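K.L.:
So here's work21.txt (compact mmCIF, C-alpha atoms).
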```
# COMPACT_ATOMS: atom_id res chain seq x y z
CA MET A 138 24.85 143.62 1.23
CA ARG A 139 26.05 141.21 -1.33
CA ASN A 140 23.94 140.42 -4.33
CA ARG A 141 23.30 136.63 -5.03
CA ARG A 142 24.14 135.53 -8.46
CA LEU A 143 21.56 133.29 -10.13
CA PRO A 144 22.97 130.18 -11.86
CA SER A 145 22.93 130.20 -15.49
CA ASP A 146 21.24 127.53 -17.67
CA GLN A 147 24.49 125.75 -18.36
CA GLU A 148 25.27 125.28 -14.75
CA THR A 149 21.81 123.90 -14.13
CA THR A 150 22.26 121.35 -16.87
CA TRP A 151 25.55 119.99 -15.46
CA GLU A 152 24.10 119.68 -11.99
CA VAL A 153 21.08 117.59 -13.23
CA TRP A 154 22.98 115.18 -15.50
CA PRO A 155 25.05 113.43 -12.84
CA ALA A 156 21.91 112.64 -10.91
CA PHE A 157 20.27 111.04 -13.99
CA THR A 158 23.35 108.92 -14.58
CA ASP A 159 23.22 107.66 -11.04
CA VAL A 160 19.60 106.71 -11.47
CA MET A 161 20.30 104.83 -14.70
CA SER A 162 23.21 103.01 -13.11
CA THR A 163 21.07 102.02 -10.22
CA LEU A 164 18.33 100.81 -12.57
CA ALA A 165 20.86 98.88 -14.63
CA LEU A 166 22.23 97.27 -11.48
CA ILE A 167 18.76 96.38 -10.32
CA LEU A 168 17.94 94.93 -13.73
CA PHE A 169 21.15 92.90 -13.65
CA VAL A 170 20.32 91.61 -10.22
CA VAL A 171 16.82 90.77 -11.36
CA VAL A 172 18.15 88.97 -14.43
CA LEU A 173 20.74 87.17 -12.30
CA LEU A 174 18.08 86.10 -9.84
CA ALA A 175 15.88 84.93 -12.70
CA TYR A 176 18.79 82.96 -14.15
CA VAL A 177 19.60 81.39 -10.81
CA ARG A 178 15.96 80.60 -10.26
CA ASN A 179 15.69 79.10 -13.73
CA LEU A 180 18.87 77.11 -13.10
CA ILE A 181 17.48 75.75 -9.83
CA ALA A 182 14.16 75.03 -11.47
CA SER A 183 15.93 73.25 -14.31
CA LYS A 184 17.85 71.09 -11.87
CA ARG A 185 14.64 70.29 -10.03
CA LEU A 186 12.96 69.44 -13.30
CA ASP A 187 15.89 67.15 -14.17
CA ALA A 188 15.55 65.49 -10.76
CA TYR A 189 11.82 65.09 -11.27
CA ALA A 190 12.43 63.70 -14.74
CA ARG A 191 14.91 61.16 -13.35
CA ARG A 192 12.45 60.22 -10.66
CA ILE A 193 9.72 59.84 -13.22
CA THR A 194 12.02 57.74 -15.41
CA THR A 195 12.97 55.58 -12.42
CA SER A 196 9.32 55.29 -11.41
CA GLU A 197 8.40 54.29 -14.94
CA GLN A 198 11.12 51.62 -14.92
CA VAL A 199 9.93 50.35 -11.52
CA LEU A 200 6.36 50.40 -12.82
CA ARG A 201 7.33 48.41 -15.91
CA THR A 202 9.21 45.96 -13.72
CA LEU A 203 6.19 45.58 -11.47
CA GLU A 204 3.97 45.18 -14.50
CA ASP A 205 6.29 42.44 -15.81
CA GLN A 206 6.27 40.75 -12.39
CA LEU A 207 2.49 41.06 -12.26
CA ALA A 208 2.22 39.50 -15.70
CA ARG A 209 4.51 36.64 -14.67
CA THR A 210 2.64 36.18 -11.40
CA THR A 211 -0.67 36.18 -13.24
CA ALA A 212 0.67 33.58 -15.67
CA GLU A 213 1.97 31.49 -12.76
CA ILE A 214 -1.40 31.74 -11.01
CA GLN A 215 -3.17 30.62 -14.17
CA SER A 216 -0.68 27.79 -14.61
CA GLY A 217 -1.11 26.84 -10.94
CA ARG A 218 -4.87 26.82 -11.33
CA ALA A 219 -4.59 24.60 -14.39
CA ALA A 220 -2.22 22.26 -12.50
CA LEU A 221 -4.59 22.27 -9.53
CA ASP A 222 -7.52 21.41 -11.77
CA ALA A 223 -5.47 18.61 -13.33
CA SER A 224 -4.48 17.34 -9.88
CA ARG A 225 -8.09 17.40 -8.78
CA GLU A 226 -9.06 15.39 -11.84
CA GLN A 227 -6.26 12.89 -11.19
CA LEU A 228 -7.34 12.66 -7.56
CA ARG A 229 -10.91 12.00 -8.64
CA GLN A 230 -9.74 9.31 -11.04
CA GLN A 231 -7.56 7.76 -8.33
CA GLN A 232 -10.47 7.84 -5.90
CA ASP A 233 -12.61 6.09 -8.51
CA THR A 234 -9.84 3.56 -9.05
CA ILE A 235 -9.44 2.96 -5.31
CA ALA A 236 -13.19 2.58 -4.92
CA GLY A 237 -13.21 0.08 -7.77
CA ASN A 238 -10.26 -1.81 -6.27
CA ASP A 239 -11.99 -1.86 -2.89
CA ARG A 240 -15.03 -3.42 -4.50
CA ASP A 241 -12.85 -5.98 -6.27
CA LEU A 242 -10.98 -6.76 -3.03
CA ASP A 243 -14.25 -7.19 -1.17
CA ALA A 244 -15.43 -9.59 -3.86
CA LEU A 245 -12.08 -11.42 -3.71
CA ARG A 246 -12.30 -11.60 0.08
CA LEU A 247 -15.77 -13.06 -0.09
CA ARG A 248 -14.67 -15.68 -2.61
CA LEU A 249 -11.67 -16.67 -0.50
CA GLN A 250 -13.86 -16.80 2.59
CA SER A 251 -16.24 -19.09 0.76
CA ILE A 252 -13.31 -21.36 -0.10
CA ALA A 253 -12.23 -21.36 3.56
CA VAL A 254 -15.78 -22.24 4.60
CA LEU A 255 -15.79 -25.09 2.10
CA ARG A 256 -12.57 -26.43 3.61
CA VAL A 257 -14.11 -26.41 7.05
CA GLU A 258 -17.15 -28.17 5.62
CA VAL A 259 -14.91 -30.84 4.09
CA LEU A 260 -13.37 -31.60 7.48
CA ASP A 261 -16.79 -31.55 9.11
CA LYS A 262 -18.16 -33.96 6.49
CA LEU A 263 -15.23 -36.29 7.12
CA LYS A 264 -15.93 -36.21 10.84
CA ARG A 265 -19.64 -36.87 10.30
CA ALA A 266 -18.86 -39.70 7.87
CA LEU A 267 -16.53 -41.34 10.37
CA GLU A 268 -19.00 -40.87 13.19
CA ALA A 269 -21.71 -42.43 11.04
CA GLU A 270 -19.50 -45.48 10.47
CA LEU A 271 -18.00 -45.81 13.94
CA GLY A 272 -20.71 -44.24 16.09
CA PRO A 273 -20.24 -41.30 18.48
CA ARG A 274 -19.20 -43.61 21.29
CA ASP A 275 -16.05 -44.46 19.35
CA TRP A 276 -14.97 -40.80 19.21
CA PRO A 277 -13.94 -40.00 22.76
CA ASP A 278 -11.56 -37.27 23.91
CA ALA A 279 -7.77 -37.18 23.69
CA GLY A 280 -7.24 -40.01 26.16
CA ARG A 281 -8.42 -42.71 23.75
CA LEU A 282 -6.61 -44.40 20.88
CA VAL A 283 -8.63 -42.95 17.99
CA ARG A 284 -9.61 -39.31 17.80
CA ILE A 285 -9.80 -36.24 15.57
CA GLY A 286 -7.10 -33.69 16.29
CA ASP A 287 -7.45 -29.93 16.46
CA ASN A 288 -6.28 -29.73 12.85
CA GLY A 289 -9.05 -32.09 11.71
CA ASN A 290 -6.70 -35.04 11.16
CA ILE A 291 -7.73 -38.55 12.18
CA ILE A 292 -5.19 -39.71 14.78
CA ILE A 293 -4.76 -43.43 15.36
CA ASN A 294 -2.39 -44.54 18.09
CA GLU A 295 0.34 -46.88 16.89
CA SER A 296 -0.40 -49.53 19.52
CA LEU A 297 -3.87 -50.03 18.04
CA VAL A 298 -2.51 -50.89 14.58
CA PHE A 299 1.08 -52.18 14.95
CA GLU A 300 3.28 -54.14 17.26
CA THR A 301 6.49 -52.49 18.46
CA ASP A 302 9.03 -51.99 15.63
CA SER A 303 6.64 -53.68 13.18
CA TYR A 304 4.72 -52.43 10.17
CA ALA A 305 2.43 -55.47 9.91
CA ILE A 306 -1.17 -54.48 10.62
CA LYS A 307 -2.63 -56.16 13.70
CA GLN A 308 -5.75 -58.26 13.25
CA GLU A 309 -7.72 -56.23 15.81
CA ALA A 310 -7.02 -53.03 13.87
CA LYS A 311 -8.64 -54.23 10.66
CA PRO A 312 -12.29 -53.48 11.62
CA LEU A 313 -11.30 -49.89 12.37
CA LEU A 314 -9.46 -49.55 9.04
CA ASP A 315 -12.42 -51.14 7.22
CA THR A 316 -14.64 -48.47 8.71
CA LEU A 317 -12.18 -45.74 7.72
CA ALA A 318 -12.09 -47.06 4.15
CA ARG A 319 -15.89 -46.86 3.90
CA ALA A 320 -15.97 -43.40 5.49
CA LEU A 321 -13.32 -42.04 3.11
CA GLY A 322 -15.19 -43.49 0.15
CA SER A 323 -18.39 -41.83 1.33
CA LEU A 324 -16.53 -38.53 1.77
CA LEU A 325 -15.02 -38.55 -1.73
CA SER A 326 -18.32 -39.48 -3.35
CA ASP A 327 -19.36 -35.86 -2.75
CA ALA A 328 -18.39 -33.82 -5.83
CA GLN A 329 -18.10 -30.61 -3.82
CA VAL A 330 -15.67 -32.32 -1.46
CA ARG A 331 -13.56 -33.57 -4.35
CA ASP A 332 -13.43 -30.07 -5.84
CA ASN A 333 -11.86 -28.79 -2.63
CA VAL A 334 -9.60 -31.72 -1.69
CA ASP A 335 -6.07 -31.82 -3.02
CA ALA A 336 -4.97 -35.03 -1.28
CA ILE A 337 -5.69 -37.40 1.58
CA ALA A 338 -2.35 -38.12 3.21
CA ILE A 339 -1.63 -41.20 5.31
CA GLN A 340 1.17 -40.03 7.64
CA GLY A 341 3.49 -42.23 9.68
CA HIS A 342 4.98 -40.84 12.92
CA THR A 343 7.42 -42.33 15.46
CA ASP A 344 8.83 -41.16 18.77
CA GLU A 345 12.35 -39.76 19.13
CA ARG A 346 13.98 -42.95 20.35
CA GLY A 347 15.97 -45.15 18.00
CA SER A 348 18.11 -44.24 15.03
CA GLY A 349 17.00 -41.70 12.48
CA ALA A 350 17.26 -44.13 9.57
CA LEU A 351 15.19 -46.76 11.37
CA ASN A 352 12.48 -44.26 12.31
CA TRP A 353 12.27 -42.90 8.75
CA ASP A 354 12.01 -46.39 7.32
CA LEU A 355 9.50 -47.57 9.92
CA SER A 356 7.21 -44.52 9.59
CA ALA A 357 7.24 -44.82 5.79
CA LYS A 358 6.45 -48.54 5.83
CA ARG A 359 3.62 -48.08 8.32
CA ALA A 360 2.03 -45.29 6.26
CA ASN A 361 2.21 -47.39 3.10
CA ALA A 362 0.85 -50.46 4.92
CA VAL A 363 -2.22 -48.52 6.12
CA LEU A 364 -2.85 -47.05 2.66
CA ALA A 365 -2.51 -50.48 1.03
CA TYR A 366 -4.99 -51.96 3.51
CA LEU A 367 -7.51 -49.13 2.93
CA PHE A 368 -7.41 -49.82 -0.81
CA GLN A 369 -7.75 -53.54 -0.14
CA ALA A 370 -10.69 -53.01 2.21
CA ASN A 371 -12.54 -50.75 -0.25
CA ARG A 372 -11.62 -51.49 -3.86
CA ALA A 373 -13.75 -48.62 -5.11
CA LEU A 374 -11.62 -46.27 -3.02
CA GLU A 375 -8.55 -47.05 -5.11
CA ASP A 376 -10.34 -47.48 -8.43
CA SER A 377 -12.37 -44.23 -8.25
CA TYR A 378 -10.38 -41.98 -5.93
CA GLY A 379 -6.86 -43.41 -5.81
CA ARG A 380 -5.42 -40.20 -7.27
CA TYR A 381 -6.33 -38.35 -4.08
CA PHE A 382 -4.26 -40.56 -1.75
CA THR A 383 -0.62 -40.31 -0.74
CA ALA A 384 1.59 -41.84 1.95
CA SER A 385 4.27 -39.86 3.78
CA ALA A 386 6.75 -40.38 6.59
CA TYR A 387 7.58 -37.82 9.28
CA SER A 388 9.66 -39.99 11.62
CA LYS A 389 10.12 -38.18 14.97
CA PHE A 390 9.92 -34.62 13.68
CA ARG A 391 6.27 -33.74 14.38
CA PRO A 392 5.64 -34.86 17.96
CA LEU A 393 2.29 -34.14 19.62
CA ASP A 394 4.03 -34.02 22.99
CA ALA A 395 7.66 -32.91 23.21
CA SER A 396 8.19 -34.12 26.78
CA LYS A 397 10.41 -37.09 27.69
CA SER A 398 7.88 -39.48 29.13
CA GLU A 399 6.52 -42.85 28.16
CA ALA A 400 3.04 -41.35 27.80
CA ALA A 401 4.43 -38.74 25.39
CA TYR A 402 6.28 -41.35 23.39
CA GLN A 403 3.13 -43.45 23.13
CA GLN A 404 1.11 -40.44 21.95
CA ASN A 405 3.72 -39.49 19.34
CA ARG A 406 3.81 -42.98 17.79
CA ARG A 407 0.79 -42.73 15.54
CA ILE A 408 -0.83 -42.80 12.12
CA GLU A 409 -2.54 -39.61 10.99
CA ILE A 410 -4.98 -39.33 8.12
CA ALA A 411 -4.96 -35.72 6.87
CA VAL A 412 -7.37 -34.19 4.39
CA ILE A 413 -5.32 -31.57 2.53
CA PRO A 414 -7.51 -28.82 1.05
CA LYS A 415 -6.87 -27.70 -2.50
CA ASP A 416 -5.00 -24.40 -2.56
CA ALA A 417 -5.38 -24.24 -6.34
CA ASN A 418 -8.90 -22.85 -5.96
CA ALA A 419 -7.66 -19.94 -3.90
CA ARG A 420 -4.74 -19.42 -6.27
CA LYS A 421 -7.13 -19.49 -9.21
CA VAL A 422 -9.31 -16.79 -7.62
CA ILE A 423 -6.25 -14.62 -6.88
CA ASP A 424 -4.81 -15.19 -10.36
CA GLU A 425 -8.11 -14.17 -11.95
CA TYR A 426 -8.14 -11.02 -9.84
CA LEU A 427 -4.54 -10.14 -10.77
CA GLN A 428 -5.21 -10.80 -14.44
CA ALA A 429 -8.23 -8.52 -14.30
CA GLN A 430 -6.09 -5.82 -12.67
CA ASP A 431 -3.41 -6.18 -15.36
CA ALA A 432 -6.01 -5.97 -18.11
CA GLY A 433 -7.61 -2.95 -16.47
CA SER A 434 -4.32 -1.02 -16.28
CA SER A 435 -3.23 -1.78 -19.85
CA PRO A 436 -3.22 1.00 -22.46
CA GLY A 437 -6.61 1.82 -23.89
CA ARG A 438 -8.44 0.44 -20.87
CA SER A 439 -9.75 2.23 -17.84
CA ALA A 440 -7.87 1.58 -14.64
CA THR A 441 -11.16 0.99 -12.89
CA PRO A 442 -12.68 -2.43 -13.61
```
Rewrite the structure of this file - the entire thing - as structure tokens.

P.N.:
Amino acid sequence: MRNRRLPSDQETTWEVWPAFTDVMSTLALILFVVVLLAYVRNLIASKRLDAYARRITTSEQVLRTLEDQLARTTAEIQSGRAALDASREQLRQQQDTIAGNDRDLDALRLRLQSIAVLRVEVLDKLKRALEAELGPRDWPDAGRLVRIGDNGNIIINESLVFETDSYAIKQEAKPLLDTLARALGSLLSDAQVRDNVDAIAIQGHTDERGSGALNWDLSAKRANAVLAYLFQANRALEDSYGRYFTASAYSKFRPLDASKSEAAYQQNRRIEIAVIPKDANARKVIDEYLQAQDAGSSPGRSATP
């Protein structure tokens, strides 16, 4: 039987040392790995932090941009509100101006209507004055020789006053013209009538037959002959109201009947006595209105009268 030999202390020491070295190497490796992992983790975290920082910076820039836009939008809204308030005030002023103009136009319309009514009254007074002189029986309808036309003119057929191609007044026409002279004098004695009458025109008319020169001359001479007789029949008519009278010739150019018949020709050969209303009154009213408008829109004055 062999005897086992126990290891000595030196041998034990050499067998333990390599094992300790292995452990330390392993620990060092583990520590390196841990440090490496920590480094990598820190590197990743740093990159993430950089990304977050960039995002924050970008977000801050976007936020500042939005804040700038909000400030501009707020300023624009305030400016728009101010402009809207100004527009509302202008609209209110314009509405006041329009309302004032409407009132002025209504007043102008009423004044012009009153002038128109006065013109109608002038023609009606002339008709009543003539009827008072001649009598209603002497004012028949259109088939007779003396009548009042639709325009208010006194229409006297030529055959009642003149012979053919003559401007000498017939003897049988003189009573009618005497009556007309008195009626016109009575009409013009009314101050209100005179204020609204511009002229009383004695108009000569012929038919279309004959030469133009002859018709012009004949219609003019007939109108002047009638006017001269009216002044002769009523001296006060010329002395007091002569400025209102005029004589005019129309020849063939204003026929009452344009047909080619003897009846039409007879109707067109006539003397008309026309009362011409005074347009100056209406013009005066309009001019006063326009002057008031100009004064109202001048600097330092309100646009609303």

K.L.:
Need to verify the contact set: Ile293 (chain A), 8 Å, only C-alpha atoms, exclusion of same-chain residues closer than 5 positions in sequence. Can you return it as a list in words?

P.N.:
Leu282, Val283, Arg284, Val298, Arg407, Ile408 and Glu409 of chain A

K.L.:
Would you kindly return, as a list of chain:residue names, each protein, DNA or RNA residue with an atom no farther than 9 Å from any atom of Asn361 (chain A), considering only C-alpha atoms and excluding same-chain residues fewer than 5 positions away?

P.N.:
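Returned residues: A:Ile339, A:Gln340, A:Gly341, A:Ser356, A:Tyr366, A:Thr383, A:Ala384, A:Ser385.
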
K.L.:
Select, from A:Gln369, A:Gln215, A:Asn294, A:Asn179, the residue with the minimum atom-to-atom distance to Arg319 (chain A), counting only C-alpha atoms.

P.N.:
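With only C-alpha atoms as the atom set, the closest residue is A:Gln369.
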
K.L.:
If you count all atoms listed in the file, which residues fall within 12 Å of Leu314 (chain A), apart from same-chain ones fewer than 4 positions away, as a PyMOL selection string?

P.N.:
chain A and resi 267+270-271+283+291+293+297-298+306-310+318-321+362-371+408+410

K.L.:
Excluding Ala336 (chain A) and any residue of its chain fewer than 5 positions from it, enumerate the residues within 12 Å of it, using only C-alpha atoms, and give them as a list in words.

P.N.:
Leu321, Leu325, Val330, Arg331, Tyr378, Gly379, Arg380, Tyr381, Phe382, Thr383, Ala384, Ser385, Ile410, Ala411, Val412, Ile413, Pro414, Lys415, Asp416 and Ala417 of chain A

K.L.:
Give me the box for region 345-355 of chain A as lines of an AutoDock Vina configuration file, namely the centre and edge lengths in Å to one decimal of a box along x, y and z that holds every listed atom plus 3 Å on each side.

P.N.:
```
center_x = 13.8
center_y = -43.7
center_z = 13.8
size_x = 14.6
size_y = 13.8
size_z = 19.0
```

K.L.:
Which distance in Å separates CA of Lys184 (chain A) and CA of Leu164 (chain A), to one decimal?

P.N.:
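Calculated distance between CA of Lys184 (chain A) and CA of Leu164 (chain A) is 29.7 Å.
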
K.L.:
Of the candidates A:Arg346, A:Asp376, A:Asn333, A:Ala360, which shows the shortest atom-to-atom distance to Tyr402 (chain A), using only C-alpha atoms?

P.N.:
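Of A:Arg346, A:Asp376, A:Asn333, A:Ala360, the one nearest Tyr402 (chain A), counting only C-alpha atoms, is A:Arg346.
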
K.L.:
Using all atoms listed in the file, determine which residues lie at most 12 Å from Gly349 (chain A), disregarding the query and same-chain residues fewer than 5 positions distant; provide the list as an MDAnalysis selection string.

P.N.:
chainID A and resid 343:344 354:356 386:390

K.L.:
Could you dump the residues just selected with C-alpha atoms as an mmCIF file, keeping the file's coordinate frame?

P.N.:
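Printed below is selection_10.cif as written:
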```cif
data_model
loop_
_atom_site.group_PDB
_atom_site.id
_atom_site.type_symbol
_atom_site.label_atom_id
_atom_site.label_comp_id
_atom_site.auth_asym_id
_atom_site.auth_seq_id
_atom_site.Cartn_x
_atom_site.Cartn_y
_atom_site.Cartn_z
ATOM 1 C CA THR A 343 7.420 -42.330 15.460
ATOM 2 C CA ASP A 344 8.830 -41.160 18.770
ATOM 3 C CA ASP A 354 12.010 -46.390 7.320
ATOM 4 C CA LEU A 355 9.500 -47.570 9.920
ATOM 5 C CA SER A 356 7.210 -44.520 9.590
ATOM 6 C CA ALA A 386 6.750 -40.380 6.590
ATOM 7 C CA TYR A 387 7.580 -37.820 9.280
ATOM 8 C CA SER A 388 9.660 -39.990 11.620
ATOM 9 C CA LYS A 389 10.120 -38.180 14.970
ATOM 10 C CA PHE A 390 9.920 -34.620 13.680
#
```

K.L.:
What separation in Å, quoted to one decimal, exists between CA of Thr316 (chain A) and CA of Leu374 (chain A)?

P.N.:
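Distance reported for this atom pair: 12.3 Å.
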
K.L.:
Which value, in Å to one decimal, gives the distance between CA of Glu295 (chain A) and CA of Arg406 (chain A)?

P.N.:
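CA of Glu295 (chain A) sits 5.3 Å away from CA of Arg406 (chain A).
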
K.L.:
Which of these, A:Leu166, A:Tyr176, A:Glu345, A:Gln232, has the shortest distance to Ser398 (chain A) once you count all atoms listed in the file?

P.N.:
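Under the stated criterion, the closest residue is A:Glu345.
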